[in-house]
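Taking it in order: structure first as structure tokens, then the write-up.
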Amino acid sequence: MTVTELVSYEDALASYDPVMGLEVHVELGTATKMFCGCSTALGAEPNSQTCPTCLGLPGSLPVVNATGVESAIRIGLALHCEIAPWCRFARKNYFYPDMPKNFQTSQYDEPIAFNGYLDVELEDGEVFRVEIERAHMEEDTGKSLHVGGATGRIHGAVHSLLDYNRAGIPLIEIVTKPIEGAGERAPEVAKAYVAELRELIRALGVSEARMEMGQMRCDVNLSLRPHGTATFGTRSETKNVNSLRSVERAARFEIQRHAAVLSSGGTIIQETRHFHEDDGSTTSGRVKEEAEDYRYFPEPDLVPIAPAKEWVEELRAGLPELPRLRRQRLKAEWGLSDHEMRSVLNAGAIGPILATIEAGAPADQARKWWMGELARRANEDGVELTALPISPEQVARVSALVAEGSLNDKLARQVIEGVLAGEGDPDTVVEKRGLKVVSDEGALGAAVDEAIAGNAAIAEKIRGGKVAAAGALVGAVMKATRGQADAARVRELILERLAPQD
Amino acid sequence: MTDPTRLTAAQTAAAIASGTLTAVEVTEAHLARIEAVDEKVNAFLHVDREGALAQARAVDEKRERGEALGPLAGVPLALKDIFTTEGVPTTVGSKILEGWLPPYDATLVKRLKDADIVVLGKANMDEFAMGSSTENSAYGPTGNPWDLTRIPGGSGGGSAAALAAYEAPLAIGTDTGGSIRQPAAMTGTVGVKPTYGAVSRYGMVAFSSSLDQGGPCARTVLDAALLHEAIAGHDPLDSTSIDKPVPPVVEAARSADVKGLRVGVVKEFAGEGYQAGVMQRFTESVELLRELGAEVTEISCPSFDKALAAYYLIAPSECSSNLARFDAMRYGLRVGDDGTRSAEEVTALTREAGFGAEVKRRIMLGTYALSSGYYDAYYGSAQKVRTLITRDFEKAFEQVDVLVSPTSPTTAFPIGERADDPMAMYLADLCTIPTNLAGNAAMSLPCGLAPEDGLPVGLQIIAPAMADDRLYRVGAAVEAALTARWGHPLLEEAPAL
């Protein structure tokens, strides 16, 4: 492989203007496949979720999954698209062993949704509008497992295994119009777009859109053109970029690579490229010697889709609040700064915080725990917040125990640690670990008296009016009670006993 | 006692219902007939002796238990080898599916079984239903029982020949451009292409999805109607299946009355290429209809001239895609898998070895017609012609109730005569193709023998979509009048095998 010396990002942008196109495939979370009744559940034995239709057996025929169509329309509506009053499926013809019919049932020039947009918010709060070309329905392919090759790719493999469980799972492909004018922020726009789209898909409840599970997959098409020119350059198509960070890195790498090729007088080849997570580079896939001719034609085995206007309006009326607007509302309700809100968002904490509030905790407390102790823990373990073994209800209970004075912050953290360690719910952990705040006035009074007696010099200062010195005595009491005292009450007791004498 | 193989389906069912014959006796008689003559005819690719006898026994047991029997219970049938049958070989006349045992029954097969119709076996056909002579079968041609050196028509030559050779009183065919009707014409039998969507295509191996339609074949119009009723009706597994009641075809076949019926003679189906004897018998049939009280007029359908050209773009286009699945990965033939070749190479070798010349020709034609840069000129234009043809029919049916024409321009030609001349072969379907393009219904029934060669001539009756009952009303009237004139069914004039 010839390694092109990359041009620095700044130099690339100094000469060229990037144009991007993003194609995102979303696997719908329908119970059954797009054209048959087979289950879509993940993790089943290979080829156990198949039937004549999704195996493409001779004679089999497809029947459209109505929920799939409904999900497609809802996605289209949420992306501000027009919904086709009449459209058809089309066959995309090409040979590949993991595609049972050797054509993919898809949509071609009659997509169900078209001409929309998605506003995405960048790090600094700027809103960038990404225009949507279309959203169309299609079916997923099976999976090939190449055995014996070094890289898991087909090249060098001894044989391949085919699993058709995924074949026929409904996909929605969402294609942007060329994204122009993003300049140096193009990679950031790409990432923000995919992130926003993922939020949207989740808010609609049509898919969990977990990129690491392949439920959402992104192709990054990118080209450069010299500043001031209007025609697009030749694009590369980086396939299956499957995390938000990778989307940004792939776009950035391709900008630098294209610039290097172009500025040394070379030409960009229109080709498929693979993205490498390890070093953030892309390498050439198969070169398209001639443009692939998919010989699309209307699918004769399916009847046209003609969603009734009333139904579309009903679906429109039933759309949830869009994620960006919801974020704005929550930000105002919670009284957060832009920066704080973004942290909440980046941590994936909106859902858990909302659920914790719903379970009875005040907003600030809910945010404090999820963004503090729990975010730290999730980060350490390298998991999502929602994957932590603690429920919003349990967090709300901890918050309630603090509010009623049974726990202080330090103890509350220990309770959370206990819950995460699988010791049971918060009350059980308090019980087992004996973490209740010492609120027995007698015991507390004795501890205070002991502290005063042991620190006569400090006590004298306080008597003399230096109230600030009380902190040292509070610390001593807390130490003596192993942190289980209510620090505020301790302070009160000290000041009562050491009040300046008239 | 009468030979059970000489009975009509209706007579056979009545004999079984009344106890004059058992279903097992009927089935055994047909299996014996197949045994005796099919070596010469080659109508069957696979005879399912055990399955057929098991079905027949079940019918007899039902009767013994006093259960009600359906109108065709116990009647044997030859099933075109294009329908999947669970655990029974289904080849579609192709080497590429040799040895495949489908894991499921086609909807039509389920309905046959539900009606207690006994499936004797799988009938020979042109490979993937592509052809008009059954010479394209990978398993050898079928002979026409009228003259074994001649073709029985195609693609459903096996189904039609089985009827004409008394190997079965009922058969199932499929009609993409005439594959039920033209063989019916060639063999002196009755064949109906129902309205597109009337009979489920689920489990029917696709040739051209927007044209393919399964339908009944029989020796009489009433038998065809009884079979039509058994197999038609909505199927949720076929999105293109019609969700409406089946037209009253049996009732129509029994009424057989054409008084006051408006009949249109298609002007375009005459002239050069039409055999004199075929036109003579056709003209006599039209005259007969007039005598029976029909009002006959001539109707022009100017776009029909372009039907053949449009058909040979649409059908190959769809077939190029439908047949892509035969890639040696999941079922059927696999050639060259010696551990050194890639999947791509094995697919190519398998398709090279497994498909016959005509199938390859059509895959190439279709691949070309769908290619970018050619799509609009070929596939796109063909679809426009299709619309024009549909409009011609609509206009015609504003003026008449049914249209009539010869089914095919000639009688059965000798095996081998057109095998190397695809264009000549394609002309055999000149009169049948417009109906497939428009999706309406048509029937072929025998209307005599051509004087010059003594071979059967077919009369085609065409009805609007969802008016399949008209075919049976007219067909039954013509059949009754002609049989009366001849003194016996035409088929009795066929030489003994």
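Chain lettering (A, B, ...) mirrors the order of the structure tokens, residue numbering begins at 1 for each chain separately, and ligand numbering begins at 1 in order of display.
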_Interface residues on chain B facing chain A, 9 Å, only C-alpha atoms, written as a count of residues only_ = 46
*Near-Ala186 of chain A list (10 Å; only C-alpha atoms; drop same-chain fewer than 3 positions) as a ChimeraX atom specification*: /A:17-20,179-183,189-192,222,248,251-252,255
Selection to disk with C-alpha atoms, as a CSV table (one decimal), in the first residue's frame:
chain,number,residue,atom,x,y,z
A,17,ASP,CA,-13.7,23.2,0.7
A,18,PRO,CA,-15.1,19.9,1.8
A,19,VAL,CA,-18.4,18.6,0.5
A,20,MET,CA,-20.0,15.7,2.4
A,179,ILE,CA,-23.4,19.1,2.9
A,180,GLU,CA,-21.7,22.3,1.8
A,181,GLY,CA,-20.4,25.3,3.7
A,182,ALA,CA,-19.4,23.5,6.8
A,183,GLY,CA,-15.7,24.3,6.1
A,189,VAL,CA,-21.0,18.6,11.6
A,190,ALA,CA,-20.9,14.9,10.5
A,191,LYS,CA,-20.6,13.7,14.1
A,192,ALA,CA,-23.2,16.1,15.4
A,222,LEU,CA,-16.5,13.1,1.0
A,248,GLU,CA,-15.6,12.6,12.8
A,251,ALA,CA,-14.2,12.8,7.7
A,252,ARG,CA,-11.1,14.5,9.0
A,255,ILE,CA,-10.1,15.7,4.0
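Minimum atom-to-atom distances from A:Ser391, A:Ser281, A:Ser243, A:Ser264 to Asp425 of chain A were compared using only C-alpha atoms, and the lowest value belongs to A:Ser391.
Residues lying within 10 Å of Asp427 of chain A, counting only C-alpha atoms and ignoring same-chain neighbours fewer than 3 positions away, are Gln394, Arg397, Val398, Leu401, Val415, Val419, Gly424, Val430, Glu431, Lys432, Arg433, Leu435 and Lys436 of chain A.
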*Among the residues of segment 289-482 of chain B, find those DSSP assigns to alpha helix (DSSP H) from the backbone and print them as a PyMOL selection string.*
chain B and resi 289-291+307-322+343-354+357-370+381-399+422-426+433-438+468-482
*Which polymer residues have any atom within 8 Å of an atom of segment 199-211 of chain A, counting only C-alpha atoms, with same-chain residues fewer than 4 positions away left out, as a PyMOL selection string?*
chain A and resi 26-30+71+74-75+78+195+215-217+242-243+319-323
Give me a file of those residues, with N, CA and C atoms, as an mmCIF file, in the first residue's frame.
data_model
loop_
_atom_site.group_PDB
_atom_site.id
_atom_site.type_symbol
_atom_site.label_atom_id
_atom_site.label_comp_id
_atom_site.auth_asym_id
_atom_site.auth_seq_id
_atom_site.Cartn_x
_atom_site.Cartn_y
_atom_site.Cartn_z
ATOM 1 N N VAL A 26 -30.475 2.572 9.370
ATOM 2 C CA VAL A 26 -31.000 2.273 10.700
ATOM 3 C C VAL A 26 -31.798 0.978 10.627
ATOM 4 N N GLU A 27 -31.438 0.030 11.475
ATOM 5 C CA GLU A 27 -32.235 -1.200 11.584
ATOM 6 C C GLU A 27 -33.432 -0.913 12.461
ATOM 7 N N LEU A 28 -34.614 -1.133 11.924
ATOM 8 C CA LEU A 28 -35.811 -0.870 12.723
ATOM 9 C C LEU A 28 -35.983 -1.954 13.783
ATOM 10 N N GLY A 29 -36.577 -1.563 14.875
ATOM 11 C CA GLY A 29 -36.780 -2.507 15.970
ATOM 12 C C GLY A 29 -38.105 -3.248 15.893
ATOM 13 N N THR A 30 -38.583 -3.509 14.684
ATOM 14 C CA THR A 30 -39.849 -4.245 14.553
ATOM 15 C C THR A 30 -39.664 -5.683 15.049
ATOM 16 N N SER A 71 -42.987 3.106 10.679
ATOM 17 C CA SER A 71 -41.750 3.663 11.239
ATOM 18 C C SER A 71 -41.056 4.563 10.226
ATOM 19 N N ARG A 74 -42.818 7.841 10.091
ATOM 20 C CA ARG A 74 -42.570 8.657 11.276
ATOM 21 C C ARG A 74 -41.168 9.260 11.244
ATOM 22 N N ILE A 75 -40.197 8.469 10.777
ATOM 23 C CA ILE A 75 -38.841 9.017 10.643
ATOM 24 C C ILE A 75 -38.863 10.163 9.638
ATOM 25 N N ALA A 78 -40.418 13.224 11.172
ATOM 26 C CA ALA A 78 -39.549 13.848 12.175
ATOM 27 C C ALA A 78 -38.391 14.585 11.508
ATOM 28 N N ALA A 195 -25.144 12.027 15.640
ATOM 29 C CA ALA A 195 -25.584 12.004 17.040
ATOM 30 C C ALA A 195 -27.036 12.451 17.153
ATOM 31 N N GLN A 215 -26.841 -1.528 14.658
ATOM 32 C CA GLN A 215 -28.230 -1.124 14.429
ATOM 33 C C GLN A 215 -28.299 0.224 13.712
ATOM 34 N N MET A 216 -27.183 0.920 13.723
ATOM 35 C CA MET A 216 -27.104 2.172 12.974
ATOM 36 C C MET A 216 -25.708 2.207 12.370
ATOM 37 N N ARG A 217 -25.630 2.413 11.052
ATOM 38 C CA ARG A 217 -24.341 2.354 10.365
ATOM 39 C C ARG A 217 -24.240 3.546 9.432
ATOM 40 N N ASN A 242 -18.723 3.169 12.335
ATOM 41 C CA ASN A 242 -19.757 2.765 13.284
ATOM 42 C C ASN A 242 -19.641 3.288 14.705
ATOM 43 N N SER A 243 -19.101 4.501 14.850
ATOM 44 C CA SER A 243 -19.248 5.204 16.121
ATOM 45 C C SER A 243 -19.221 6.692 15.804
ATOM 46 N N LEU A 319 -46.159 12.464 16.848
ATOM 47 C CA LEU A 319 -44.692 12.474 16.971
ATOM 48 C C LEU A 319 -44.303 12.982 18.357
ATOM 49 N N PRO A 320 -43.238 12.414 18.915
ATOM 50 C CA PRO A 320 -42.775 12.939 20.209
ATOM 51 C C PRO A 320 -42.077 14.286 20.011
ATOM 52 N N GLU A 321 -41.823 14.979 21.119
ATOM 53 C CA GLU A 321 -41.057 16.220 21.068
ATOM 54 C C GLU A 321 -39.683 15.910 20.475
ATOM 55 N N LEU A 322 -39.235 16.712 19.534
ATOM 56 C CA LEU A 322 -37.945 16.435 18.896
ATOM 57 C C LEU A 322 -36.817 16.646 19.898
ATOM 58 N N PRO A 323 -35.790 15.826 19.828
ATOM 59 C CA PRO A 323 -34.729 15.863 20.839
ATOM 60 C C PRO A 323 -34.129 17.249 21.074
#
*Could you give me, as a list in words, each residue of segment 224-345 of chain B that DSSP assigns to strand (DSSP E) when run on this structure's backbone?*
Arg262, Val263, Gly264, Val265, Val266, Glu295, Val296, Thr297, Glu298 and Ile299 of chain B
*Can you list, as a PyMOL selection string, every protein, DNA or RNA residue that comes within 9 Å of segment 262-279 of chain B when you count only C-alpha atoms, leaving out same-chain residues fewer than 3 positions away?*
chain B and resi 258-259+282-284+286+289-290+294-302+304-305+396-397+399-406+408-411+427+430-431+448-453+456-458
For the selection you just gave me, I'd like the residues written to a file as an mmCIF file, in the first residue's frame, keeping C-alpha atoms.
data_model
loop_
_atom_site.group_PDB
_atom_site.id
_atom_site.type_symbol
_atom_site.label_atom_id
_atom_site.label_comp_id
_atom_site.auth_asym_id
_atom_site.auth_seq_id
_atom_site.Cartn_x
_atom_site.Cartn_y
_atom_site.Cartn_z
ATOM 1 C CA VAL B 258 -74.617 -16.782 -25.125
ATOM 2 C CA LYS B 259 -77.926 -15.283 -26.271
ATOM 3 C CA PHE B 282 -61.899 -20.039 -36.062
ATOM 4 C CA THR B 283 -64.293 -18.454 -38.582
ATOM 5 C CA GLU B 284 -66.666 -21.382 -38.171
ATOM 6 C CA VAL B 286 -67.506 -17.236 -34.789
ATOM 7 C CA LEU B 289 -71.540 -18.101 -31.790
ATOM 8 C CA ARG B 290 -73.758 -16.042 -34.052
ATOM 9 C CA ALA B 294 -74.419 -13.822 -29.852
ATOM 10 C CA GLU B 295 -73.986 -10.410 -31.483
ATOM 11 C CA VAL B 296 -70.661 -10.516 -33.301
ATOM 12 C CA THR B 297 -68.680 -7.419 -34.264
ATOM 13 C CA GLU B 298 -65.121 -6.796 -35.358
ATOM 14 C CA ILE B 299 -62.923 -4.920 -32.891
ATOM 15 C CA SER B 300 -59.604 -3.292 -33.594
ATOM 16 C CA CYS B 301 -56.876 -3.321 -30.931
ATOM 17 C CA PRO B 302 -54.116 -1.423 -32.726
ATOM 18 C CA PHE B 304 -51.595 -5.549 -30.027
ATOM 19 C CA ASP B 305 -49.051 -5.441 -32.851
ATOM 20 C CA ALA B 396 -62.927 -3.031 -26.551
ATOM 21 C CA PHE B 397 -64.799 -4.126 -23.451
ATOM 22 C CA GLN B 399 -68.303 -2.370 -26.811
ATOM 23 C CA VAL B 400 -68.304 -6.140 -26.284
ATOM 24 C CA ASP B 401 -68.529 -8.650 -23.441
ATOM 25 C CA VAL B 402 -65.802 -10.972 -24.684
ATOM 26 C CA LEU B 403 -63.210 -11.006 -27.445
ATOM 27 C CA VAL B 404 -62.358 -14.048 -29.538
ATOM 28 C CA SER B 405 -59.362 -15.054 -31.659
ATOM 29 C CA PRO B 406 -57.426 -18.143 -32.613
ATOM 30 C CA SER B 408 -52.208 -19.730 -31.730
ATOM 31 C CA PRO B 409 -51.557 -18.948 -35.411
ATOM 32 C CA THR B 410 -50.734 -22.571 -36.286
ATOM 33 C CA THR B 411 -51.344 -26.130 -35.171
ATOM 34 C CA LEU B 427 -44.744 -16.150 -32.759
ATOM 35 C CA LEU B 430 -48.736 -13.848 -30.664
ATOM 36 C CA CYS B 431 -52.450 -14.024 -29.763
ATOM 37 C CA GLY B 448 -61.938 -28.574 -34.475
ATOM 38 C CA LEU B 449 -59.097 -30.055 -36.469
ATOM 39 C CA ALA B 450 -57.266 -28.161 -39.183
ATOM 40 C CA PRO B 451 -58.201 -29.858 -42.482
ATOM 41 C CA GLU B 452 -54.642 -29.746 -43.844
ATOM 42 C CA ASP B 453 -52.957 -31.633 -40.982
ATOM 43 C CA PRO B 456 -56.417 -29.542 -33.078
ATOM 44 C CA VAL B 457 -57.162 -25.840 -33.332
ATOM 45 C CA GLY B 458 -57.816 -23.664 -30.288
#
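Rounded to one decimal, atom CA of Glu352 of chain B and atom CA of Glu139 of chain A lie 28.9 Å from each other.
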*Could you work out how far atom CA of Ala167 of chain A lies from atom CA of Leu145 of chain A, giving the answer in Å with one decimal?*
14.0 Å
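Remark: for Lys360 of chain B, the closest of the candidate residues B:Ala218, B:Ile231, B:Ala52, B:Met130 is B:Met130 (distances computed over only C-alpha atoms).
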Write out, as JSON lines, each residue of segment 149-171 of chain B that has an atom at most 8 Å from segment 32-38 of chain B, together with the closest pair of atoms and their distance in Å to one decimal, counting only C-alpha atoms, rows going by chain and rising number.
{"residue": "B:Ala165", "atom": "CA", "partner": "B:Val37", "partner_atom": "CA", "distance": 7.8}
{"residue": "B:Tyr166", "atom": "CA", "partner": "B:Arg33", "partner_atom": "CA", "distance": 7.4}
{"residue": "B:Glu167", "atom": "CA", "partner": "B:Ile34", "partner_atom": "CA", "distance": 5.5}
Give me a file of those residues, with N, CA and C atoms, as a PDB file, in the first residue's frame.
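Resulting contents of result-v8.pdb:
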ATOM      1  N   ALA B 165     -53.478 -37.457 -23.184  1.00  0.00           N
ATOM      2  CA  ALA B 165     -53.098 -38.879 -23.189  1.00  0.00           C
ATOM      3  C   ALA B 165     -53.870 -39.656 -22.126  1.00  0.00           C
ATOM      4  N   TYR B 166     -54.852 -39.028 -21.520  1.00  0.00           N
ATOM      5  CA  TYR B 166     -55.668 -39.662 -20.470  1.00  0.00           C
ATOM      6  C   TYR B 166     -54.834 -40.145 -19.287  1.00  0.00           C
ATOM      7  N   GLU B 167     -53.752 -39.432 -19.021  1.00  0.00           N
ATOM      8  CA  GLU B 167     -52.942 -39.767 -17.840  1.00  0.00           C
ATOM      9  C   GLU B 167     -53.486 -39.062 -16.601  1.00  0.00           C
TER      10      GLU B 167
END
_If we count only C-alpha atoms and set the cut-off at 10 Å, which residues sit around Tyr193 of chain A, ignoring sequence neighbours fewer than 4 positions away in its own chain? Please answer as number ranges by chain._
A: 22, 118-122, 128-130, 176, 187-189, 197-199, 244, 247
Output N, CA and C atoms for every residue in the selection just made, as a PDB file, in the first residue's frame.
ATOM      1  N   LEU A  22     -23.835  12.086   3.754  1.00  0.00           N
ATOM      2  CA  LEU A  22     -23.874  11.037   4.770  1.00  0.00           C
ATOM      3  C   LEU A  22     -25.049  10.115   4.500  1.00  0.00           C
ATOM      4  N   LEU A 118     -32.562  18.320   9.053  1.00  0.00           N
ATOM      5  CA  LEU A 118     -32.359  18.079  10.478  1.00  0.00           C
ATOM      6  C   LEU A 118     -31.416  19.167  10.978  1.00  0.00           C
ATOM      7  N   ASP A 119     -31.864  19.925  11.969  1.00  0.00           N
ATOM      8  CA  ASP A 119     -31.001  20.958  12.562  1.00  0.00           C
ATOM      9  C   ASP A 119     -30.139  20.306  13.625  1.00  0.00           C
ATOM     10  N   VAL A 120     -28.831  20.504  13.506  1.00  0.00           N
ATOM     11  CA  VAL A 120     -27.943  19.911  14.498  1.00  0.00           C
ATOM     12  C   VAL A 120     -27.174  21.018  15.204  1.00  0.00           C
ATOM     13  N   GLU A 121     -26.907  20.795  16.478  1.00  0.00           N
ATOM     14  CA  GLU A 121     -26.261  21.807  17.293  1.00  0.00           C
ATOM     15  C   GLU A 121     -24.801  21.433  17.466  1.00  0.00           C
ATOM     16  N   LEU A 122     -23.913  22.370  17.168  1.00  0.00           N
ATOM     17  CA  LEU A 122     -22.486  22.104  17.305  1.00  0.00           C
ATOM     18  C   LEU A 122     -22.038  22.454  18.724  1.00  0.00           C
ATOM     19  N   PHE A 128     -26.594  24.060  12.761  1.00  0.00           N
ATOM     20  CA  PHE A 128     -26.296  23.835  11.346  1.00  0.00           C
ATOM     21  C   PHE A 128     -27.415  22.984  10.757  1.00  0.00           C
ATOM     22  N   ARG A 129     -27.974  23.444   9.671  1.00  0.00           N
ATOM     23  CA  ARG A 129     -29.078  22.693   9.063  1.00  0.00           C
ATOM     24  C   ARG A 129     -28.548  21.705   8.016  1.00  0.00           C
ATOM     25  N   VAL A 130     -28.788  20.440   8.238  1.00  0.00           N
ATOM     26  CA  VAL A 130     -28.402  19.413   7.267  1.00  0.00           C
ATOM     27  C   VAL A 130     -29.653  19.051   6.466  1.00  0.00           C
ATOM     28  N   THR A 176     -28.391  12.309   3.124  1.00  0.00           N
ATOM     29  CA  THR A 176     -28.394  13.782   3.138  1.00  0.00           C
ATOM     30  C   THR A 176     -28.189  14.315   1.732  1.00  0.00           C
ATOM     31  N   PRO A 187     -16.108  17.770   9.786  1.00  0.00           N
ATOM     32  CA  PRO A 187     -16.115  16.544  10.606  1.00  0.00           C
ATOM     33  C   PRO A 187     -17.015  16.678  11.840  1.00  0.00           C
ATOM     34  N   GLU A 188     -17.028  17.873  12.407  1.00  0.00           N
ATOM     35  CA  GLU A 188     -17.855  18.105  13.592  1.00  0.00           C
ATOM     36  C   GLU A 188     -19.333  18.034  13.215  1.00  0.00           C
ATOM     37  N   VAL A 189     -19.656  18.594  12.055  1.00  0.00           N
ATOM     38  CA  VAL A 189     -21.046  18.552  11.577  1.00  0.00           C
ATOM     39  C   VAL A 189     -21.466  17.104  11.362  1.00  0.00           C
ATOM     40  N   LEU A 197     -29.299  12.455  14.798  1.00  0.00           N
ATOM     41  CA  LEU A 197     -30.169  11.482  14.143  1.00  0.00           C
ATOM     42  C   LEU A 197     -30.426  10.299  15.089  1.00  0.00           C
ATOM     43  N   ARG A 198     -29.379   9.889  15.777  1.00  0.00           N
ATOM     44  CA  ARG A 198     -29.519   8.771  16.704  1.00  0.00           C
ATOM     45  C   ARG A 198     -30.505   9.121  17.825  1.00  0.00           C
ATOM     46  N   GLU A 199     -30.371  10.336  18.352  1.00  0.00           N
ATOM     47  CA  GLU A 199     -31.307  10.791  19.385  1.00  0.00           C
ATOM     48  C   GLU A 199     -32.741  10.754  18.861  1.00  0.00           C
ATOM     49  N   LEU A 244     -19.718   7.494  16.745  1.00  0.00           N
ATOM     50  CA  LEU A 244     -19.747   8.937  16.509  1.00  0.00           C
ATOM     51  C   LEU A 244     -18.339   9.478  16.312  1.00  0.00           C
ATOM     52  N   VAL A 247     -16.957   8.678  12.923  1.00  0.00           N
ATOM     53  CA  VAL A 247     -17.507   9.496  11.843  1.00  0.00           C
ATOM     54  C   VAL A 247     -16.684  10.771  11.704  1.00  0.00           C
TER      55      VAL A 247
END
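Atom CA of Ala355 of chain A to atom CA of Val194 of chain A spans 24.7 Å [interatomic distance, one decimal].
Distances to Ala160 of chain B were evaluated for B:Thr85, B:Ala43, B:Ala58, B:Ala73 using only C-alpha atoms, and the minimum falls at B:Ala43.
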